[in-house]
>>> print(open('query08.csv').read())   # CSV, C-alpha atoms
chain,number,residue,atom,x,y,z
A,1,MET,CA,5.1,-6.1,32.8
A,2,SER,CA,8.6,-5.1,31.9
A,3,ALA,CA,10.8,-7.3,29.7
A,4,GLU,CA,14.1,-8.3,31.2
A,5,LEU,CA,17.1,-8.1,28.9
A,6,PRO,CA,19.5,-11.1,28.9
A,7,THR,CA,22.9,-10.2,30.3
A,8,SER,CA,26.3,-11.4,29.3
A,9,THR,CA,28.3,-13.3,31.9
A,10,THR,CA,31.6,-12.7,30.2
A,11,THR,CA,33.7,-10.2,32.2
A,12,PRO,CA,36.4,-7.9,30.6
A,13,GLU,CA,39.2,-10.0,32.3
A,14,GLU,CA,37.8,-13.2,30.8
A,15,THR,CA,37.6,-11.5,27.4
A,16,VAL,CA,41.3,-10.4,27.6
A,17,GLU,CA,42.3,-13.9,28.7
A,18,VAL,CA,40.5,-15.5,25.7
A,19,PHE,CA,42.2,-13.2,23.2
A,20,GLU,CA,45.6,-14.0,24.9
A,21,GLN,CA,45.0,-17.7,24.4
A,22,ILE,CA,44.0,-17.1,20.7
A,23,ALA,CA,47.2,-15.1,20.2
A,24,LYS,CA,49.3,-17.8,21.8
A,25,GLY,CA,47.7,-20.5,19.6
A,26,MET,CA,48.0,-18.5,16.4
A,27,THR,CA,50.4,-19.8,13.8
A,28,TRP,CA,51.1,-18.7,10.3
A,29,ASP,CA,49.2,-21.7,8.8
A,30,LYS,CA,46.2,-20.9,11.0
A,31,ALA,CA,46.3,-17.3,10.1
A,32,LEU,CA,46.5,-18.2,6.3
A,33,TYR,CA,43.6,-20.6,6.6
A,34,SER,CA,41.6,-18.0,8.4
A,35,VAL,CA,42.1,-15.5,5.6
A,36,LEU,CA,41.3,-18.2,3.0
A,37,LEU,CA,38.1,-19.1,4.9
A,38,PHE,CA,37.1,-15.4,5.0
A,39,LEU,CA,37.7,-15.1,1.3
A,40,VAL,CA,35.6,-18.2,0.6
A,41,CYS,CA,32.8,-16.7,2.7
A,42,LEU,CA,33.0,-13.5,0.7
A,43,ALA,CA,32.8,-15.4,-2.6
A,44,VAL,CA,29.7,-17.3,-1.3
A,45,MET,CA,28.2,-14.0,-0.1
A,46,LYS,CA,28.7,-12.4,-3.5
A,47,THR,CA,27.2,-15.4,-5.4
A,48,VAL,CA,24.1,-15.5,-3.1
A,49,MET,CA,23.6,-11.7,-3.5
A,50,SER,CA,23.8,-12.1,-7.3
A,51,ILE,CA,21.2,-14.8,-7.3
A,52,ILE,CA,18.9,-12.7,-5.0
A,53,ASP,CA,19.3,-9.7,-7.3
A,54,ARG,CA,18.5,-11.7,-10.5
A,55,THR,CA,15.5,-13.4,-8.8
A,56,MET,CA,14.0,-10.1,-7.5
A,57,THR,CA,14.5,-8.4,-10.9
A,58,ARG,CA,12.8,-11.3,-12.6
A,59,LEU,CA,9.9,-11.1,-10.2
A,60,LYS,CA,9.6,-7.3,-10.6
A,61,VAL,CA,9.8,-6.7,-6.9
A,62,GLU,CA,9.4,-3.1,-5.8
A,63,PRO,CA,12.8,-1.3,-5.8
A,64,THR,CA,12.5,-0.2,-2.2
A,65,VAL,CA,11.7,-3.8,-1.1
A,66,HIS,CA,14.6,-5.1,-3.2
A,67,LYS,CA,17.0,-2.7,-1.6
A,68,PHE,CA,15.8,-3.3,1.9
A,69,THR,CA,15.8,-7.1,1.5
A,70,ARG,CA,19.3,-7.0,0.0
A,71,SER,CA,20.6,-4.9,2.9
A,72,CYS,CA,19.1,-7.3,5.5
A,73,LEU,CA,20.6,-10.4,3.8
A,74,LYS,CA,24.0,-8.7,3.5
A,75,VAL,CA,24.1,-7.9,7.2
A,76,LEU,CA,22.9,-11.4,8.1
A,77,MET,CA,25.7,-13.0,5.9
A,78,TRP,CA,28.3,-10.8,7.4
A,79,VAL,CA,27.3,-11.9,10.9
A,80,ILE,CA,27.4,-15.6,9.8
A,81,THR,CA,30.8,-15.0,8.2
A,82,GLY,CA,32.1,-13.5,11.4
A,83,LEU,CA,30.8,-16.4,13.5
A,84,ILE,CA,32.4,-18.9,11.1
A,85,VAL,CA,35.8,-17.3,11.2
A,86,ALA,CA,35.6,-16.7,15.0
A,87,GLY,CA,34.7,-20.4,15.5
A,88,TYR,CA,37.7,-21.4,13.5
A,89,LEU,CA,39.9,-19.1,15.6
A,90,ASP,CA,38.5,-20.7,18.8
A,91,VAL,CA,36.8,-17.5,19.8
A,92,PRO,CA,33.8,-18.4,22.2
A,93,VAL,CA,30.9,-18.0,19.8
A,94,ASN,CA,28.4,-18.3,22.6
A,95,SER,CA,29.6,-15.0,24.1
A,96,LEU,CA,29.2,-13.2,20.7
A,97,VAL,CA,25.7,-14.6,20.2
A,98,THR,CA,24.7,-13.4,23.7
A,99,VAL,CA,26.0,-9.9,23.0
A,100,LEU,CA,24.2,-9.8,19.7
A,101,GLY,CA,21.0,-11.0,21.4
A,102,VAL,CA,21.2,-8.2,24.0
A,103,ILE,CA,21.7,-5.6,21.3
A,104,GLY,CA,18.8,-7.1,19.2
A,105,VAL,CA,16.3,-7.1,22.1
A,106,ALA,CA,17.3,-3.6,23.2
A,107,LEU,CA,16.8,-2.3,19.6
A,108,SER,CA,13.5,-4.1,19.2
A,109,LEU,CA,12.1,-2.6,22.4
A,110,SER,CA,13.2,0.9,21.7
A,111,LEU,CA,12.0,0.9,18.1
A,112,GLN,CA,8.8,-1.1,18.5
A,113,GLY,CA,6.6,1.4,16.7
A,114,SER,CA,9.0,2.0,13.9
A,115,LEU,CA,9.4,-1.8,13.4
A,116,SER,CA,5.7,-2.1,13.2
A,117,ASN,CA,5.6,0.5,10.4
A,118,LEU,CA,8.6,-1.1,8.8
A,119,ALA,CA,6.8,-4.5,8.7
A,120,GLY,CA,3.7,-2.7,7.3
A,121,GLY,CA,5.8,-1.1,4.6
A,122,ILE,CA,7.3,-4.5,3.6
A,123,THR,CA,3.7,-5.9,3.5
A,124,VAL,CA,2.5,-3.1,1.3
A,125,MET,CA,5.4,-3.3,-1.1
A,126,ALA,CA,5.2,-7.1,-1.3
A,127,SER,CA,1.4,-7.3,-1.9
A,128,ARG,CA,1.4,-4.1,-4.1
A,129,PRO,CA,-2.2,-3.0,-3.5
A,130,PHE,CA,-1.4,0.3,-5.1
A,131,ALA,CA,1.4,2.0,-7.1
A,132,VAL,CA,2.7,5.6,-7.3
A,133,GLY,CA,0.1,7.6,-9.2
A,134,ASP,CA,-2.9,5.6,-8.1
A,135,TYR,CA,-5.8,7.4,-6.4
A,136,VAL,CA,-6.6,5.4,-3.2
A,137,GLU,CA,-8.3,5.5,0.1
A,138,ALA,CA,-6.0,4.1,2.8
A,139,GLY,CA,-5.6,4.8,6.5
A,140,GLY,CA,-8.8,6.9,6.5
A,141,VAL,CA,-7.3,9.3,3.9
A,142,SER,CA,-8.1,9.7,0.2
A,143,GLY,CA,-5.5,10.9,-2.3
A,144,THR,CA,-3.0,10.2,-5.0
A,145,VAL,CA,0.0,8.0,-4.0
A,146,ASN,CA,3.0,10.3,-4.2
A,147,GLU,CA,5.7,8.0,-2.6
A,148,ILE,CA,5.8,4.5,-1.0
A,149,GLY,CA,8.5,4.3,1.7
A,150,LEU,CA,9.5,1.7,4.1
A,151,VAL,CA,8.0,3.5,7.1
A,152,TYR,CA,5.5,6.0,5.6
A,153,THR,CA,3.4,6.3,2.5
A,154,LYS,CA,2.9,9.8,1.1
A,155,LEU,CA,-0.6,10.7,-0.3
A,156,LYS,CA,-1.3,13.9,-2.2
A,157,THR,CA,-4.9,15.1,-1.5
A,158,ILE,CA,-7.1,16.9,-4.0
A,159,ASP,CA,-6.4,20.3,-2.3
A,160,ASN,CA,-2.7,19.7,-2.8
A,161,LYS,CA,-1.7,18.6,0.7
A,162,ILE,CA,0.9,15.9,1.3
A,163,ILE,CA,-0.1,13.5,4.1
A,164,PHE,CA,2.3,11.0,5.6
A,165,ILE,CA,0.5,7.8,6.7
A,166,PRO,CA,2.3,5.2,8.8
A,167,ASN,CA,2.5,1.9,6.9
A,168,GLY,CA,1.4,0.0,10.0
A,169,GLU,CA,-2.0,1.7,9.7
A,170,ILE,CA,-2.3,1.1,6.0
A,171,SER,CA,-1.5,-2.6,6.1
A,172,GLY,CA,-4.0,-3.2,8.9
A,173,GLU,CA,-6.9,-1.5,7.4
A,174,LYS,CA,-9.1,-1.6,4.3
A,175,ILE,CA,-7.5,-0.2,1.1
A,176,ILE,CA,-9.6,1.1,-1.8
A,177,ASN,CA,-7.7,1.5,-5.1
A,178,TYR,CA,-9.7,3.6,-7.7
A,179,ASN,CA,-7.1,3.1,-10.5
A,180,LYS,CA,-6.5,-0.6,-10.3
A,181,GLN,CA,-8.9,-1.4,-13.1
A,182,GLU,CA,-8.9,0.1,-16.5
A,183,GLN,CA,-12.6,0.9,-16.5
A,184,ARG,CA,-15.0,2.3,-13.9
A,185,ARG,CA,-18.8,2.7,-13.8
A,186,VAL,CA,-20.6,6.0,-13.2
A,187,ASP,CA,-23.7,5.6,-11.1
A,188,LEU,CA,-26.3,8.5,-11.0
A,189,THR,CA,-29.9,8.6,-9.7
A,190,PHE,CA,-32.5,11.2,-10.7
A,191,THR,CA,-35.9,11.7,-9.0
A,192,VAL,CA,-38.6,12.7,-11.5
A,193,SER,CA,-42.2,13.7,-11.1
A,194,TYR,CA,-44.9,11.0,-11.5
A,195,ASP,CA,-46.4,13.2,-14.3
A,196,ALA,CA,-43.4,12.5,-16.6
A,197,ASP,CA,-43.7,9.7,-19.2
A,198,PRO,CA,-41.2,6.9,-18.0
A,199,GLU,CA,-40.2,6.0,-21.6
A,200,GLN,CA,-39.5,9.6,-22.4
A,201,VAL,CA,-37.4,10.0,-19.3
A,202,LYS,CA,-35.3,6.9,-20.1
A,203,GLU,CA,-34.9,7.9,-23.7
A,204,ILE,CA,-33.6,11.3,-22.8
A,205,MET,CA,-31.0,9.7,-20.5
A,206,ARG,CA,-30.0,7.2,-23.2
A,207,GLN,CA,-29.5,10.0,-25.7
A,208,VAL,CA,-27.3,12.0,-23.3
A,209,ILE,CA,-25.1,8.9,-22.7
A,210,GLY,CA,-24.9,8.2,-26.5
A,211,ALA,CA,-23.8,11.7,-27.3
A,212,HIS,CA,-20.9,11.7,-24.8
A,213,PRO,CA,-17.6,10.8,-26.4
A,214,LYS,CA,-16.1,9.3,-23.2
A,215,ALA,CA,-19.0,6.9,-22.4
A,216,LEU,CA,-18.4,3.3,-23.4
A,217,PHE,CA,-21.0,1.0,-24.8
A,218,THR,CA,-19.3,-2.3,-23.7
A,219,PRO,CA,-20.6,-3.1,-21.1
A,220,GLU,CA,-23.9,-1.7,-22.2
A,221,PRO,CA,-25.2,1.4,-20.3
A,222,PHE,CA,-28.0,0.8,-17.9
A,223,VAL,CA,-31.1,3.1,-17.6
A,224,ARG,CA,-34.1,1.8,-15.6
A,225,THR,CA,-36.7,2.8,-13.1
A,226,THR,CA,-35.3,1.8,-9.7
A,227,ALA,CA,-37.7,3.1,-7.0
A,228,LEU,CA,-41.2,4.5,-6.6
A,229,GLY,CA,-41.2,7.1,-3.9
A,230,GLU,CA,-44.0,8.9,-2.1
A,231,SER,CA,-43.8,11.9,-4.4
A,232,SER,CA,-41.3,10.9,-7.1
A,233,VAL,CA,-40.0,8.2,-9.4
A,234,SER,CA,-36.2,7.3,-9.2
A,235,TYR,CA,-34.4,6.5,-12.4
A,236,THR,CA,-30.8,5.1,-12.2
A,237,LEU,CA,-28.2,5.7,-14.9
A,238,ARG,CA,-25.1,3.5,-15.1
A,239,ALA,CA,-22.4,4.1,-17.7
A,240,TRP,CA,-18.9,2.8,-18.1
A,241,CYS,CA,-15.8,4.7,-19.0
A,242,ALA,CA,-12.0,4.6,-18.8
A,243,THR,CA,-10.7,5.1,-15.3
A,244,GLU,CA,-9.0,8.4,-16.1
A,245,ASP,CA,-12.3,9.7,-17.5
A,246,TYR,CA,-14.5,8.9,-14.5
A,247,TRP,CA,-14.9,12.4,-13.0
A,248,ASP,CA,-15.3,14.1,-16.4
A,249,LEU,CA,-18.1,11.7,-17.3
A,250,TYR,CA,-19.7,11.9,-13.9
A,251,TYR,CA,-20.0,15.7,-13.8
A,252,ASP,CA,-20.9,16.0,-17.5
A,253,LEU,CA,-23.8,13.5,-17.3
A,254,LEU,CA,-25.0,15.2,-14.1
A,255,GLU,CA,-25.2,18.5,-15.9
A,256,GLN,CA,-26.3,17.3,-19.3
A,257,VAL,CA,-29.2,15.2,-18.1
A,258,ARG,CA,-30.5,18.1,-16.0
A,259,ALA,CA,-30.3,20.4,-19.1
A,260,ALA,CA,-32.0,17.8,-21.3
A,261,PHE,CA,-34.8,17.4,-18.7
A,262,ASP,CA,-35.3,21.2,-18.7
A,263,ARG,CA,-35.5,21.3,-22.5
A,264,GLU,CA,-38.1,18.5,-22.6
A,265,GLY,CA,-40.2,19.8,-19.8
A,266,VAL,CA,-39.4,16.9,-17.4
A,267,GLU,CA,-39.7,18.0,-13.8
A,268,LEU,CA,-37.0,17.0,-11.3
A,269,THR,CA,-38.7,16.7,-7.9
A,270,TYR,CA,-37.5,17.7,-4.5
A,271,ASN,CA,-38.9,17.4,-1.0
A,272,HIS,CA,-41.6,20.0,-0.4
A,273,LEU,CA,-44.5,20.5,1.9
A,274,ASN,CA,-48.0,21.6,0.8
A,275,VAL,CA,-50.1,23.3,3.4
A,276,HIS,CA,-53.9,23.4,2.9
A,277,ILE,CA,-55.8,26.0,5.0
A,278,MET,CA,-59.4,25.1,5.5
A,279,LYS,CA,-62.0,27.7,6.8
A,280,GLU,CA,-64.9,26.6,9.0
>>> encode(input="query08.csv", output="structure tokens")
Amino acid sequence: MSAELPTSTTTPEETVEVFEQIAKGMTWDKALYSVLLFLVCLAVMKTVMSIIDRTMTRLKVEPTVHKFTRSCLKVLMWVITGLIVAGYLDVPVNSLVTVLGVIGVALSLSLQGSLSNLAGGITVMASRPFAVGDYVEAGGVSGTVNEIGLVYTKLKTIDNKIIFIPNGEISGEKIINYNKQEQRRVDLTFTVSYDADPEQVKEIMRQVIGAHPKALFTPEPFVRTTALGESSVSYTLRAWCATEDYWDLYYDLLEQVRAAFDREGVELTYNHLNVHIMKE
């Protein structure tokens, strides 16, 4: 279904006639009062904008949202000021409102996708699920937030690509922020042979964690047996660290636990198939 745009019923001849009537009825007093009314509206506009600026600064609103909100309010107040002065000068306000309505509907239909992304950008900036510099997963893409715009958000991937994601997609999907908290937990699982002593295995893992300078001990590290498989025992290691140290600790523990197992003769199992050939 196609939307029908409202049309103005005011013809050019009627418009000229209206302005002729305004010019005939204009006096010096009315002109002076119109100017004073306009100046009063400007003073009110300036006061309102000052209050808005102070409030948004106090609330620490995102600068882009602050600028966009300020621009929208300024346009709205200019429109209201124009309608007030036009009403005082006996200009038919209904015709002006109709024209503005036609323009507004036409713009909303032609910019529907952009307006959706714009609304998504305002939502993202108002809710602040992430900030510039955070590593996030949003819109099906993982990367470091490079810039938050009103229409697009720029993510920088690990392989140094810049991806522009429409804010409409981000605001409507799940967002994972890996930098929101100060600490993160490293989870690793090792599968060890049934021949290994469980207490020895767990002690080796605890020693590796204790020797690492970036591992935290509050909360306390976790090392336990978590599964008994068909051909192996699973041991899970959980250690906390500062968020910026996550990947260093992750890879270090992975390498150091493996090296410690090799030194102590602990066998890490893997899937294999034994074939027994029997002769008749």
>>> atom_distance(input="query08.csv", atom1="CA of Ala239 in chain A", atom2="CA of Phe222 in chain A")
6.5 Å
>>> atom_distance(input="query08.csv", atom1="CA of Val44 in chain A", atom2="CA of Arg70 in chain A")
14.7 Å
>>> atom_distance(input="query08.csv", atom1="CA of Thr144 in chain A", atom2="CA of Thr157 in chain A")
6.3 Å
>>> residues_around(input="query08.csv", residues="Tyr235 in chain A", least_positions_apart="5", cutoff="12 Å", atoms="only C-alpha atoms", output="PyMOL selection string")
chain A and resi 187-194+196-206+222-229+257+268-269
>>> closest_residue(input="query08.csv", among="A:Arg238, A:Lys154, A:His212, A:Arg263", to="Arg184 in chain A", atoms="all atoms listed in the file")
A:Arg238
>>> closest_residue(input="query08.csv", among="A:Pro221, A:Gly82, A:Pro129, A:Gly149", to="Glu173 in chain A", atoms="only C-alpha atoms")
A:Pro129
>>> build_atoms(input="query08.csv", residues="range 43-76 of chain A", atoms="N, CA and C atoms", output="PDB file, in the coordinates of the input")
ATOM      1  N   ALA A  43      33.183 -14.915  -1.254  1.00  0.00           N
ATOM      2  CA  ALA A  43      32.800 -15.400  -2.600  1.00  0.00           C
ATOM      3  C   ALA A  43      31.363 -15.970  -2.547  1.00  0.00           C
ATOM      4  N   VAL A  44      31.073 -16.746  -1.494  1.00  0.00           N
ATOM      5  CA  VAL A  44      29.700 -17.300  -1.300  1.00  0.00           C
ATOM      6  C   VAL A  44      28.696 -16.188  -1.175  1.00  0.00           C
ATOM      7  N   MET A  45      29.071 -15.180  -0.375  1.00  0.00           N
ATOM      8  CA  MET A  45      28.200 -14.000  -0.100  1.00  0.00           C
ATOM      9  C   MET A  45      27.861 -13.330  -1.465  1.00  0.00           C
ATOM     10  N   LYS A  46      28.897 -13.111  -2.269  1.00  0.00           N
ATOM     11  CA  LYS A  46      28.700 -12.400  -3.500  1.00  0.00           C
ATOM     12  C   LYS A  46      27.818 -13.229  -4.482  1.00  0.00           C
ATOM     13  N   THR A  47      28.013 -14.552  -4.499  1.00  0.00           N
ATOM     14  CA  THR A  47      27.200 -15.400  -5.400  1.00  0.00           C
ATOM     15  C   THR A  47      25.718 -15.391  -4.922  1.00  0.00           C
ATOM     16  N   VAL A  48      25.509 -15.495  -3.611  1.00  0.00           N
ATOM     17  CA  VAL A  48      24.100 -15.500  -3.100  1.00  0.00           C
ATOM     18  C   VAL A  48      23.454 -14.157  -3.406  1.00  0.00           C
ATOM     19  N   MET A  49      24.162 -13.034  -3.221  1.00  0.00           N
ATOM     20  CA  MET A  49      23.600 -11.700  -3.500  1.00  0.00           C
ATOM     21  C   MET A  49      23.249 -11.574  -4.977  1.00  0.00           C
ATOM     22  N   SER A  50      24.101 -12.132  -5.837  1.00  0.00           N
ATOM     23  CA  SER A  50      23.800 -12.100  -7.300  1.00  0.00           C
ATOM     24  C   SER A  50      22.563 -12.843  -7.635  1.00  0.00           C
ATOM     25  N   ILE A  51      22.392 -14.020  -7.017  1.00  0.00           N
ATOM     26  CA  ILE A  51      21.200 -14.800  -7.300  1.00  0.00           C
ATOM     27  C   ILE A  51      19.942 -14.082  -6.769  1.00  0.00           C
ATOM     28  N   ILE A  52      20.056 -13.482  -5.594  1.00  0.00           N
ATOM     29  CA  ILE A  52      18.900 -12.700  -5.000  1.00  0.00           C
ATOM     30  C   ILE A  52      18.549 -11.560  -5.937  1.00  0.00           C
ATOM     31  N   ASP A  53      19.554 -10.832  -6.434  1.00  0.00           N
ATOM     32  CA  ASP A  53      19.300  -9.700  -7.300  1.00  0.00           C
ATOM     33  C   ASP A  53      18.584 -10.123  -8.597  1.00  0.00           C
ATOM     34  N   ARG A  54      19.070 -11.194  -9.217  1.00  0.00           N
ATOM     35  CA  ARG A  54      18.500 -11.700 -10.500  1.00  0.00           C
ATOM     36  C   ARG A  54      17.026 -12.142 -10.233  1.00  0.00           C
ATOM     37  N   THR A  55      16.814 -12.845  -9.101  1.00  0.00           N
ATOM     38  CA  THR A  55      15.500 -13.400  -8.800  1.00  0.00           C
ATOM     39  C   THR A  55      14.485 -12.217  -8.587  1.00  0.00           C
ATOM     40  N   MET A  56      14.880 -11.219  -7.805  1.00  0.00           N
ATOM     41  CA  MET A  56      14.000 -10.100  -7.500  1.00  0.00           C
ATOM     42  C   MET A  56      13.720  -9.256  -8.769  1.00  0.00           C
ATOM     43  N   THR A  57      14.725  -9.132  -9.631  1.00  0.00           N
ATOM     44  CA  THR A  57      14.500  -8.400 -10.900  1.00  0.00           C
ATOM     45  C   THR A  57      13.558  -9.148 -11.789  1.00  0.00           C
ATOM     46  N   ARG A  58      13.684 -10.480 -11.818  1.00  0.00           N
ATOM     47  CA  ARG A  58      12.800 -11.300 -12.600  1.00  0.00           C
ATOM     48  C   ARG A  58      11.354 -11.223 -12.125  1.00  0.00           C
ATOM     49  N   LEU A  59      11.196 -11.184 -10.800  1.00  0.00           N
ATOM     50  CA  LEU A  59       9.900 -11.100 -10.200  1.00  0.00           C
ATOM     51  C   LEU A  59       9.296  -9.712 -10.148  1.00  0.00           C
ATOM     52  N   LYS A  60      10.069  -8.713 -10.599  1.00  0.00           N
ATOM     53  CA  LYS A  60       9.600  -7.300 -10.600  1.00  0.00           C
ATOM     54  C   LYS A  60       9.229  -6.823  -9.233  1.00  0.00           C
ATOM     55  N   VAL A  61      10.089  -7.128  -8.264  1.00  0.00           N
ATOM     56  CA  VAL A  61       9.800  -6.700  -6.900  1.00  0.00           C
ATOM     57  C   VAL A  61      10.049  -5.178  -6.810  1.00  0.00           C
ATOM     58  N   GLU A  62       9.244  -4.529  -5.961  1.00  0.00           N
ATOM     59  CA  GLU A  62       9.400  -3.100  -5.800  1.00  0.00           C
ATOM     60  C   GLU A  62      10.800  -2.722  -5.413  1.00  0.00           C
ATOM     61  N   PRO A  63      11.380  -1.688  -6.058  1.00  0.00           N
ATOM     62  CA  PRO A  63      12.800  -1.300  -5.800  1.00  0.00           C
ATOM     63  C   PRO A  63      13.127  -1.103  -4.349  1.00  0.00           C
ATOM     64  N   THR A  64      12.208  -0.481  -3.595  1.00  0.00           N
ATOM     65  CA  THR A  64      12.500  -0.200  -2.200  1.00  0.00           C
ATOM     66  C   THR A  64      12.572  -1.540  -1.409  1.00  0.00           C
ATOM     67  N   VAL A  65      11.660  -2.474  -1.707  1.00  0.00           N
ATOM     68  CA  VAL A  65      11.700  -3.800  -1.100  1.00  0.00           C
ATOM     69  C   VAL A  65      12.964  -4.534  -1.433  1.00  0.00           C
ATOM     70  N   HIS A  66      13.341  -4.427  -2.715  1.00  0.00           N
ATOM     71  CA  HIS A  66      14.600  -5.100  -3.200  1.00  0.00           C
ATOM     72  C   HIS A  66      15.776  -4.576  -2.426  1.00  0.00           C
ATOM     73  N   LYS A  67      15.872  -3.262  -2.299  1.00  0.00           N
ATOM     74  CA  LYS A  67      17.000  -2.700  -1.600  1.00  0.00           C
ATOM     75  C   LYS A  67      17.047  -3.060  -0.133  1.00  0.00           C
ATOM     76  N   PHE A  68      15.853  -3.017   0.506  1.00  0.00           N
ATOM     77  CA  PHE A  68      15.800  -3.300   1.900  1.00  0.00           C
ATOM     78  C   PHE A  68      16.130  -4.817   2.175  1.00  0.00           C
ATOM     79  N   THR A  69      15.570  -5.713   1.364  1.00  0.00           N
ATOM     80  CA  THR A  69      15.800  -7.100   1.500  1.00  0.00           C
ATOM     81  C   THR A  69      17.321  -7.439   1.286  1.00  0.00           C
ATOM     82  N   ARG A  70      17.889  -6.788   0.295  1.00  0.00           N
ATOM     83  CA  ARG A  70      19.300  -7.000   0.000  1.00  0.00           C
ATOM     84  C   ARG A  70      20.187  -6.547   1.165  1.00  0.00           C
ATOM     85  N   SER A  71      19.848  -5.416   1.774  1.00  0.00           N
ATOM     86  CA  SER A  71      20.600  -4.900   2.900  1.00  0.00           C
ATOM     87  C   SER A  71      20.537  -5.863   4.104  1.00  0.00           C
ATOM     88  N   CYS A  72      19.315  -6.352   4.385  1.00  0.00           N
ATOM     89  CA  CYS A  72      19.100  -7.300   5.500  1.00  0.00           C
ATOM     90  C   CYS A  72      19.916  -8.571   5.309  1.00  0.00           C
ATOM     91  N   LEU A  73      19.839  -9.120   4.098  1.00  0.00           N
ATOM     92  CA  LEU A  73      20.600 -10.400   3.800  1.00  0.00           C
ATOM     93  C   LEU A  73      22.078 -10.157   3.897  1.00  0.00           C
ATOM     94  N   LYS A  74      22.521  -8.993   3.450  1.00  0.00           N
ATOM     95  CA  LYS A  74      24.000  -8.700   3.500  1.00  0.00           C
ATOM     96  C   LYS A  74      24.455  -8.652   4.938  1.00  0.00           C
ATOM     97  N   VAL A  75      23.688  -7.974   5.807  1.00  0.00           N
ATOM     98  CA  VAL A  75      24.100  -7.900   7.200  1.00  0.00           C
ATOM     99  C   VAL A  75      24.069  -9.299   7.846  1.00  0.00           C
ATOM    100  N   LEU A  76      23.040 -10.093   7.535  1.00  0.00           N
ATOM    101  CA  LEU A  76      22.900 -11.400   8.100  1.00  0.00           C
ATOM    102  C   LEU A  76      24.140 -12.299   7.648  1.00  0.00           C
TER     103      LEU A  76
END
